[in-house]
Amino acid sequence: MSKERGLSSDESDYFAEIFSHDEKIEVSGPRDISHMLSVTSEVPQLISTLLGKASFTLLAEVGPYKLWFPLDISLNDAGDPLPVLGIPEVEDHSGQQRSWRLMHPKDLQLNNGSLAGKVRIQSVSSTGLALECDRQSTASLLMQQKQLHLSLPDGQDIHLNIEFVRQEHHLLATRIHANKTNRERLRQYLFQNHRQYYQELYRSTETLDQ
């Protein structure tokens, strides 16, 4: 039995606000961009884990990216459906299929005491970090850490448990483990940056085909 269903007009209008306060989602976009929406409970295992095993998921396909929104639908007092969307996980299908990776973030800072200012974040995704140290002694000190503290541009902090998986000279790759709150803060930061980096993709979703 298929676990996908189409969206009603009311639901589509609601979901359109995800992309812009003033724009609506276009199901059939320009020739080089495909926009598709579906509600599904069949999601990849990695995405399911990152989203906290949500019962339903709104999948929005924007160019080579899949945006997985955790979705809850409840009823209001009038018995009408009330969709509640969480923060999406952005999956990149342009090359190796994986969570989208933000390269060289300038507004995300490592705030681990003596390591502050000595470690540069080369890339960040929902699943891992690539970190560049200023010298070997810093790399050795970094590898002793079990948790990293990151400062977001809005003043919030993210606390991530880490597992080092690879080292090449002063460059270290880590796998991320985090609780729901910290994971959602990171996912929100990544989603905001994805919208900023790919404004043309999001701007192309202006009208909804019935």
# chains A, B, ... in the order shown; residues from 1 in each chain; ligands from 1
call {"tool": "residues_around", "arguments": {"residues": "Ala178 in chain A", "least_positions_apart": "3", "cutoff": "9 Å", "atoms": "only C-alpha atoms", "output": "PDB file with all heavy atoms, in the first residue's frame"}}
result
ATOM      1  N   ILE A 158      25.064  25.821  20.399  1.00  0.00           N
ATOM      2  CA  ILE A 158      24.778  24.430  20.075  1.00  0.00           C
ATOM      3  C   ILE A 158      25.823  23.565  20.754  1.00  0.00           C
ATOM      4  O   ILE A 158      27.023  23.843  20.655  1.00  0.00           O
ATOM      5  CB  ILE A 158      24.817  24.175  18.549  1.00  0.00           C
ATOM      6  CG1 ILE A 158      23.860  25.094  17.811  1.00  0.00           C
ATOM      7  CG2 ILE A 158      24.484  22.729  18.241  1.00  0.00           C
ATOM      8  CD1 ILE A 158      23.914  24.925  16.298  1.00  0.00           C
ATOM      9  N   HIS A 159      25.372  22.554  21.453  1.00  0.00           N
ATOM     10  CA  HIS A 159      26.280  21.626  22.120  1.00  0.00           C
ATOM     11  C   HIS A 159      26.194  20.280  21.390  1.00  0.00           C
ATOM     12  O   HIS A 159      25.140  19.662  21.330  1.00  0.00           O
ATOM     13  CB  HIS A 159      25.906  21.469  23.595  1.00  0.00           C
ATOM     14  CG  HIS A 159      25.829  22.772  24.325  1.00  0.00           C
ATOM     15  ND1 HIS A 159      26.954  23.500  24.663  1.00  0.00           N
ATOM     16  CD2 HIS A 159      24.774  23.502  24.752  1.00  0.00           C
ATOM     17  CE1 HIS A 159      26.601  24.604  25.282  1.00  0.00           C
ATOM     18  NE2 HIS A 159      25.277  24.632  25.341  1.00  0.00           N
ATOM     19  N   LEU A 160      27.323  19.854  20.838  1.00  0.00           N
ATOM     20  CA  LEU A 160      27.358  18.649  20.020  1.00  0.00           C
ATOM     21  C   LEU A 160      28.344  17.648  20.592  1.00  0.00           C
ATOM     22  O   LEU A 160      29.505  17.980  20.833  1.00  0.00           O
ATOM     23  CB  LEU A 160      27.778  18.997  18.583  1.00  0.00           C
ATOM     24  CG  LEU A 160      26.924  20.021  17.827  1.00  0.00           C
ATOM     25  CD1 LEU A 160      27.593  20.370  16.499  1.00  0.00           C
ATOM     26  CD2 LEU A 160      25.518  19.490  17.603  1.00  0.00           C
ATOM     27  N   ASN A 161      27.885  16.428  20.809  1.00  0.00           N
ATOM     28  CA  ASN A 161      28.803  15.342  21.114  1.00  0.00           C
ATOM     29  C   ASN A 161      29.435  14.900  19.801  1.00  0.00           C
ATOM     30  O   ASN A 161      28.756  14.820  18.768  1.00  0.00           O
ATOM     31  CB  ASN A 161      28.057  14.174  21.768  1.00  0.00           C
ATOM     32  CG  ASN A 161      27.491  14.546  23.120  1.00  0.00           C
ATOM     33  OD1 ASN A 161      28.112  15.280  23.875  1.00  0.00           O
ATOM     34  ND2 ASN A 161      26.309  14.061  23.429  1.00  0.00           N
ATOM     35  N   ILE A 162      30.719  14.627  19.820  1.00  0.00           N
ATOM     36  CA  ILE A 162      31.425  14.352  18.571  1.00  0.00           C
ATOM     37  C   ILE A 162      32.194  13.046  18.641  1.00  0.00           C
ATOM     38  O   ILE A 162      32.574  12.574  19.711  1.00  0.00           O
ATOM     39  CB  ILE A 162      32.396  15.507  18.221  1.00  0.00           C
ATOM     40  CG1 ILE A 162      33.377  15.755  19.382  1.00  0.00           C
ATOM     41  CG2 ILE A 162      31.639  16.765  17.855  1.00  0.00           C
ATOM     42  CD1 ILE A 162      34.494  16.707  19.041  1.00  0.00           C
ATOM     43  N   THR A 181      16.966  19.279  20.778  1.00  0.00           N
ATOM     44  CA  THR A 181      17.049  20.740  20.755  1.00  0.00           C
ATOM     45  C   THR A 181      18.261  21.218  19.969  1.00  0.00           C
ATOM     46  O   THR A 181      18.150  22.091  19.091  1.00  0.00           O
ATOM     47  CB  THR A 181      17.105  21.297  22.187  1.00  0.00           C
ATOM     48  OG1 THR A 181      15.899  20.955  22.881  1.00  0.00           O
ATOM     49  CG2 THR A 181      17.250  22.818  22.166  1.00  0.00           C
ATOM     50  N   ASN A 182      19.419  20.663  20.247  1.00  0.00           N
ATOM     51  CA  ASN A 182      20.634  21.088  19.555  1.00  0.00           C
ATOM     52  C   ASN A 182      20.608  20.696  18.089  1.00  0.00           C
ATOM     53  O   ASN A 182      21.079  21.448  17.230  1.00  0.00           O
ATOM     54  CB  ASN A 182      21.854  20.490  20.250  1.00  0.00           C
ATOM     55  CG  ASN A 182      22.156  21.164  21.580  1.00  0.00           C
ATOM     56  OD1 ASN A 182      22.501  22.331  21.628  1.00  0.00           O
ATOM     57  ND2 ASN A 182      22.010  20.428  22.661  1.00  0.00           N
ATOM     58  N   ARG A 183      20.054  19.541  17.780  1.00  0.00           N
ATOM     59  CA  ARG A 183      19.977  19.118  16.381  1.00  0.00           C
ATOM     60  C   ARG A 183      19.053  20.037  15.591  1.00  0.00           C
ATOM     61  O   ARG A 183      19.325  20.383  14.440  1.00  0.00           O
ATOM     62  CB  ARG A 183      19.502  17.669  16.286  1.00  0.00           C
ATOM     63  CG  ARG A 183      19.681  17.076  14.897  1.00  0.00           C
ATOM     64  CD  ARG A 183      19.414  15.598  14.888  1.00  0.00           C
ATOM     65  NE  ARG A 183      20.437  14.838  15.587  1.00  0.00           N
ATOM     66  CZ  ARG A 183      21.631  14.562  15.076  1.00  0.00           C
ATOM     67  NH1 ARG A 183      21.962  15.013  13.873  1.00  0.00           N
ATOM     68  NH2 ARG A 183      22.500  13.848  15.746  1.00  0.00           N
TER      69      ARG A 183
END
call {"tool": "residues_around", "arguments": {"residues": "range 80-91 of chain A", "least_positions_apart": "6", "cutoff": "6 Å", "atoms": "only C-alpha atoms", "output": "PDB file with N, CA and C atoms, in the first residue's frame"}}
result
ATOM      1  N   TYR A  65      17.869  19.128  -4.658  1.00  0.00           N
ATOM      2  CA  TYR A  65      17.775  18.991  -3.208  1.00  0.00           C
ATOM      3  C   TYR A  65      16.412  18.459  -2.793  1.00  0.00           C
ATOM      4  N   LYS A  66      16.421  17.607  -1.791  1.00  0.00           N
ATOM      5  CA  LYS A  66      15.193  17.122  -1.174  1.00  0.00           C
ATOM      6  C   LYS A  66      15.110  17.691   0.235  1.00  0.00           C
ATOM      7  N   LEU A  67      14.001  18.341   0.523  1.00  0.00           N
ATOM      8  CA  LEU A  67      13.782  18.925   1.841  1.00  0.00           C
ATOM      9  C   LEU A  67      12.759  18.059   2.572  1.00  0.00           C
ATOM     10  N   TRP A  68      13.192  17.425   3.656  1.00  0.00           N
ATOM     11  CA  TRP A  68      12.345  16.528   4.430  1.00  0.00           C
ATOM     12  C   TRP A  68      11.844  17.273   5.666  1.00  0.00           C
ATOM     13  N   PHE A  69      10.546  17.602   5.683  1.00  0.00           N
ATOM     14  CA  PHE A  69       9.943  18.299   6.814  1.00  0.00           C
ATOM     15  C   PHE A  69       9.214  17.303   7.715  1.00  0.00           C
ATOM     16  N   PRO A  70       9.566  17.193   8.990  1.00  0.00           N
ATOM     17  CA  PRO A  70       8.736  16.390   9.892  1.00  0.00           C
ATOM     18  C   PRO A  70       7.352  17.018   9.989  1.00  0.00           C
ATOM     19  N   LEU A  71       6.316  16.204   9.908  1.00  0.00           N
ATOM     20  CA  LEU A  71       4.950  16.711   9.786  1.00  0.00           C
ATOM     21  C   LEU A  71       4.026  16.027  10.779  1.00  0.00           C
ATOM     22  N   ASP A  72       3.316  16.831  11.533  1.00  0.00           N
ATOM     23  CA  ASP A  72       2.227  16.351  12.383  1.00  0.00           C
ATOM     24  C   ASP A  72       0.951  17.017  11.924  1.00  0.00           C
ATOM     25  N   ILE A  73      -0.130  16.256  11.860  1.00  0.00           N
ATOM     26  CA  ILE A  73      -1.434  16.810  11.481  1.00  0.00           C
ATOM     27  C   ILE A  73      -2.420  16.487  12.588  1.00  0.00           C
ATOM     28  N   SER A  74      -2.937  17.530  13.219  1.00  0.00           N
ATOM     29  CA  SER A  74      -3.953  17.374  14.254  1.00  0.00           C
ATOM     30  C   SER A  74      -5.234  18.051  13.791  1.00  0.00           C
ATOM     31  N   ARG A  98      23.699  12.765   0.308  1.00  0.00           N
ATOM     32  CA  ARG A  98      24.017  12.980   1.715  1.00  0.00           C
ATOM     33  C   ARG A  98      23.352  14.261   2.189  1.00  0.00           C
ATOM     34  N   SER A  99      23.411  14.504   3.494  1.00  0.00           N
ATOM     35  CA  SER A  99      22.908  15.763   4.026  1.00  0.00           C
ATOM     36  C   SER A  99      23.705  16.921   3.434  1.00  0.00           C
ATOM     37  N   TRP A 100      22.997  18.020   3.113  1.00  0.00           N
ATOM     38  CA  TRP A 100      23.668  19.166   2.506  1.00  0.00           C
ATOM     39  C   TRP A 100      24.726  19.717   3.450  1.00  0.00           C
TER      40      TRP A 100
END
call {"tool": "closest_residue", "arguments": {"among": "A:Leu108, A:Leu51, A:Ile176, A:Cys133", "to": "Asp157 in chain A", "atoms": "only C-alpha atoms"}}
result
A:Leu108
call {"tool": "atom_distance", "arguments": {"atom1": "CA of Gln144 in chain A", "atom2": "CA of His104 in chain A"}}
result
23.4 Å
call {"tool": "closest_residue", "arguments": {"among": "A:Ala78, A:Leu201, A:Arg175, A:Glu168", "to": "Pro64 in chain A", "atoms": "only C-alpha atoms"}}
result
A:Leu201
call {"tool": "atom_distance", "arguments": {"atom1": "CA of Asn112 in chain A", "atom2": "CA of Arg187 in chain A"}}
result
20.7 Å
call {"tool": "closest_residue", "arguments": {"among": "A:Gly113, A:Gly63, A:Pro105, A:Gly79", "to": "Tyr189 in chain A", "atoms": "only C-alpha atoms"}}
result
A:Pro105
call {"tool": "residues_around", "arguments": {"residues": "His169 in chain A", "least_positions_apart": "5", "cutoff": "9 Å", "atoms": "only C-alpha atoms", "output": "PyMOL selection string"}}
result
chain A and resi 133+135-136+139
call {"tool": "write_last_selection", "arguments": {"atoms": "C-alpha atoms", "output": "PDB file, in the first residue's frame"}}
result
ATOM      1  CA  CYS A 133      43.454  23.524  13.330  1.00  0.00           C
ATOM      2  CA  ARG A 135      48.849  23.674  14.383  1.00  0.00           C
ATOM      3  CA  GLN A 136      49.382  20.047  15.352  1.00  0.00           C
ATOM      4  CA  ALA A 139      44.686  19.193  16.673  1.00  0.00           C
TER       5      ALA A 139
END
call {"tool": "closest_residue", "arguments": {"among": "A:Ile47, A:Ser125, A:Asn76, A:Phe56", "to": "His194 in chain A", "atoms": "only C-alpha atoms"}}
result
A:Ser125
call {"tool": "closest_residue", "arguments": {"among": "A:Leu58, A:Leu110, A:Leu148, A:Leu102", "to": "Thr174 in chain A", "atoms": "only C-alpha atoms"}}
result
A:Leu148
call {"tool": "select_by_dssp", "arguments": {"residues": "range 23-188 of chain A", "states": "strand (DSSP E)", "output": "PyMOL selection string"}}
result
chain A and resi 35-40+56-62+65-75+81-85+89-92+98-99+102-103+109-110+119-124+128-133+147-151+157-168+171-177
call {"tool": "atom_distance", "arguments": {"atom1": "CA of Lys118 in chain A", "atom2": "CA of Ser140 in chain A"}}
result
12.1 Å
call {"tool": "select_by_dssp", "arguments": {"residues": "range 136-168 of chain A", "states": "helix (DSSP H, G or I)", "output": "PDB file with N, CA, C and O atoms, in the first residue's frame"}}
result
ATOM      1  N   GLN A 136      49.570  21.432  14.934  1.00  0.00           N
ATOM      2  CA  GLN A 136      49.382  20.047  15.352  1.00  0.00           C
ATOM      3  C   GLN A 136      49.007  19.943  16.829  1.00  0.00           C
ATOM      4  O   GLN A 136      48.203  19.094  17.217  1.00  0.00           O
ATOM      5  N   SER A 137      49.578  20.802  17.661  1.00  0.00           N
ATOM      6  CA  SER A 137      49.257  20.757  19.087  1.00  0.00           C
ATOM      7  C   SER A 137      47.783  21.061  19.336  1.00  0.00           C
ATOM      8  O   SER A 137      47.145  20.485  20.232  1.00  0.00           O
ATOM      9  N   THR A 138      47.230  21.964  18.518  1.00  0.00           N
ATOM     10  CA  THR A 138      45.794  22.266  18.630  1.00  0.00           C
ATOM     11  C   THR A 138      44.961  21.066  18.208  1.00  0.00           C
ATOM     12  O   THR A 138      43.946  20.748  18.837  1.00  0.00           O
ATOM     13  N   ALA A 139      45.396  20.388  17.128  1.00  0.00           N
ATOM     14  CA  ALA A 139      44.686  19.193  16.673  1.00  0.00           C
ATOM     15  C   ALA A 139      44.690  18.117  17.759  1.00  0.00           C
ATOM     16  O   ALA A 139      43.683  17.440  17.989  1.00  0.00           O
ATOM     17  N   SER A 140      45.813  17.953  18.436  1.00  0.00           N
ATOM     18  CA  SER A 140      45.915  16.968  19.506  1.00  0.00           C
ATOM     19  C   SER A 140      44.984  17.321  20.662  1.00  0.00           C
ATOM     20  O   SER A 140      44.318  16.444  21.235  1.00  0.00           O
ATOM     21  N   LEU A 141      44.906  18.609  20.998  1.00  0.00           N
ATOM     22  CA  LEU A 141      44.016  19.053  22.067  1.00  0.00           C
ATOM     23  C   LEU A 141      42.556  18.877  21.652  1.00  0.00           C
ATOM     24  O   LEU A 141      41.713  18.449  22.461  1.00  0.00           O
ATOM     25  N   LEU A 142      42.273  19.177  20.400  1.00  0.00           N
ATOM     26  CA  LEU A 142      40.906  19.036  19.903  1.00  0.00           C
ATOM     27  C   LEU A 142      40.436  17.587  19.986  1.00  0.00           C
ATOM     28  O   LEU A 142      39.284  17.312  20.341  1.00  0.00           O
TER      29      LEU A 142
END
call {"tool": "residues_around", "arguments": {"residues": "Leu171 in chain A", "least_positions_apart": "6", "cutoff": "7 Å", "atoms": "only C-alpha atoms", "output": "VMD selection string"}}
result
chain A and resid 130 to 133
call {"tool": "write_last_selection", "arguments": {"atoms": "all heavy atoms", "output": "compact mmCIF listing (two decimals), in the first residue's frame"}}
result
# COMPACT_ATOMS: atom_id res chain seq x y z
N ALA A 130 33.89 19.31 9.54
CA ALA A 130 35.29 19.26 9.15
C ALA A 130 35.97 20.46 9.80
O ALA A 130 35.52 21.60 9.62
CB ALA A 130 35.46 19.29 7.64
N LEU A 131 37.02 20.22 10.57
CA LEU A 131 37.65 21.26 11.37
C LEU A 131 39.13 21.38 11.03
O LEU A 131 39.84 20.38 10.95
CB LEU A 131 37.51 20.93 12.86
CG LEU A 131 36.07 20.69 13.35
CD1 LEU A 131 36.08 20.07 14.75
CD2 LEU A 131 35.29 21.99 13.35
N GLU A 132 39.59 22.62 10.82
CA GLU A 132 40.99 22.87 10.50
C GLU A 132 41.66 23.56 11.68
O GLU A 132 41.20 24.62 12.13
CB GLU A 132 41.12 23.73 9.25
CG GLU A 132 42.57 23.94 8.83
CD GLU A 132 42.71 24.79 7.58
OE1 GLU A 132 41.74 25.49 7.23
OE2 GLU A 132 43.79 24.75 6.98
N CYS A 133 42.73 22.97 12.18
CA CYS A 133 43.45 23.52 13.33
C CYS A 133 44.64 24.35 12.86
O CYS A 133 45.20 24.11 11.79
CB CYS A 133 43.93 22.39 14.24
SG CYS A 133 42.60 21.34 14.84
